[in-house]
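Undergrad: One structure, pasted below without further comment.
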Amino acid sequence: QVQLVESGGGLVQAGGSLRLSCAASGGTFRTYAMGWFRQAPGKEREFVAGVSWTWNVERTYYGDSVKGRFAISRDSAKITVYLQMNSLKPEDTAIYYCAGDDTAQRLTDVTAPSSWGQGTQVTVSS
């Protein structure tokens with residue numbers, strides 16, 4: 001059973017940066033997709049960024065609200081995905097969840113992941 005463990009959330013001022021990590025275990029991960037979703041109070045969970053790969057061919061993709069500010073990357077040896085968040089805004093405040101699924105397709109639909117992490121809080125003060 002795949003397990004996803006996030007780390008790296010916290011409190012930061014607007015304009016600052018944070019890096020989230022998500023370590024995966026319990027699977028083979030030759031073909032897999034991992035992504036970040038977030039949920040703010042009173043709002044639906046939304047897609048943030050994702051990376052999908054099969055063997056060593058990978059592709060990354062982003063939600064419109066974070067393009068140009070966030071970057072997702074993968075350490076294939078550690079089966080760890082990182083989300084570098086720059087130019088943070090108060091509206092980025094949310095619980096950020098790592099998610100994964102056995103697919104090489106884009107992981108943008110909140111109903112698609114078969115595995116979820118426990119979530120990490122990101123708070124951006126104005």
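Every chain in the structure tokens has a letter given in the order shown (A, B, ...), and although residue numbers restart at 1 in each chain, ligands are simply numbered from 1 in the order shown.
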Write out as a PDB file with C-alpha atoms, in the first residue's frame which residues come within 7 Å of Ala24 (chain A) when counting only C-alpha atoms, dropping same-chain ones fewer than 3 positions away.
TA:
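So selection.pdb came out as:
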ATOM      1  CA  VAL A   2       1.408   3.362  -1.047  1.00  0.00           C
ATOM      2  CA  GLN A   3       2.089   5.853   1.710  1.00  0.00           C
ATOM      3  CA  LEU A   4       2.699   9.552   1.147  1.00  0.00           C
ATOM      4  CA  VAL A   5       4.278  11.722   3.829  1.00  0.00           C
ATOM      5  CA  ILE A  79      10.721   8.793  -4.710  1.00  0.00           C
ATOM      6  CA  THR A  80      10.193  12.277  -3.367  1.00  0.00           C
TER       7      THR A  80
END
Undergrad: If we count only C-alpha atoms, what is near region 47-49 of chain A at a cut-off of 9 Å, once residues fewer than 6 positions away on the same chain are taken out, given as a ChimeraX atom specification?
TA: /A:34-38,60-67,70-72,83,96,107-110
Undergrad: Got a sec: who's within 6 Å of region 52-58 of chain A, counting only C-alpha atoms, leaving out chain neighbours fewer than 5 positions off, as a PyMOL selection string?
TA: chain A and resi 30-33+104
Undergrad: Ranking A:Leu20, A:Gly27, A:Tyr82, A:Cys98 by minimum distance to Gly119 (chain A) and counting only C-alpha atoms, which one comes first?
TA: A:Cys98
Undergrad: Excluding Thr111 (chain A) and its own-chain neighbours fewer than 6 positions away, which residues fall within 12 Å of it when counting only C-alpha atoms? Please give them as a VMD selection string.
TA: chain A and resid 37 44 to 47 99 to 101
Undergrad: Could those residues be written to a file, using C-alpha atoms, as an mmCIF file, in the first residue's frame?
TA:
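Output file part_24.cif follows:
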data_model
loop_
_atom_site.group_PDB
_atom_site.id
_atom_site.type_symbol
_atom_site.label_atom_id
_atom_site.label_comp_id
_atom_site.auth_asym_id
_atom_site.auth_seq_id
_atom_site.Cartn_x
_atom_site.Cartn_y
_atom_site.Cartn_z
ATOM 1 C CA PHE A 37 -3.780 19.752 -4.114
ATOM 2 C CA GLU A 44 -13.277 22.931 -2.445
ATOM 3 C CA ARG A 45 -10.015 21.066 -2.822
ATOM 4 C CA GLU A 46 -8.208 22.217 -5.950
ATOM 5 C CA PHE A 47 -5.325 21.024 -8.081
ATOM 6 C CA ALA A 99 -1.603 12.753 -3.800
ATOM 7 C CA GLY A 100 -0.600 9.863 -6.019
ATOM 8 C CA ASP A 101 -1.939 7.309 -8.479
#
Undergrad: Nearest to Glu6 (chain A) among A:Thr123, A:Gln105, A:Gln84, A:Ser21, with distances taken over only C-alpha atoms: which residue is it?
TA: A:Ser21
Undergrad: How many Å lie between CA of Cys22 (chain A) and CA of Gln118 (chain A), rounded to one decimal?
TA: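 CA of Gln118 (chain A) lies at a distance of 10.4 Å from CA of Cys22 (chain A).
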Undergrad: Would you return as a PyMOL selection string the members of region 3-125 of chain A that DSSP assigns to strand (DSSP E or B) on this structure's backbone?
TA: chain A and resi 3-7+10-13+18-25+31-39+46-54+57-62+70-75+80-85+94-101+115-116+120-125
Undergrad: Set the distance at 7 Å and use only C-alpha atoms: which residues neighbour region 10-18 of chain A once local chain neighbours fewer than 2 positions away are removed? I'd like the list as a PyMOL selection string.
TA: chain A and resi 8+20+84-90+121-126
Undergrad: Looking at only C-alpha atoms, which of A:Ser76, A:Gln39, A:Ser115, A:Thr120 is the one that sits closest to Glu91 (chain A)?
TA: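 That would be A:Gln39, the residue with the smallest distance to Glu91 (chain A).
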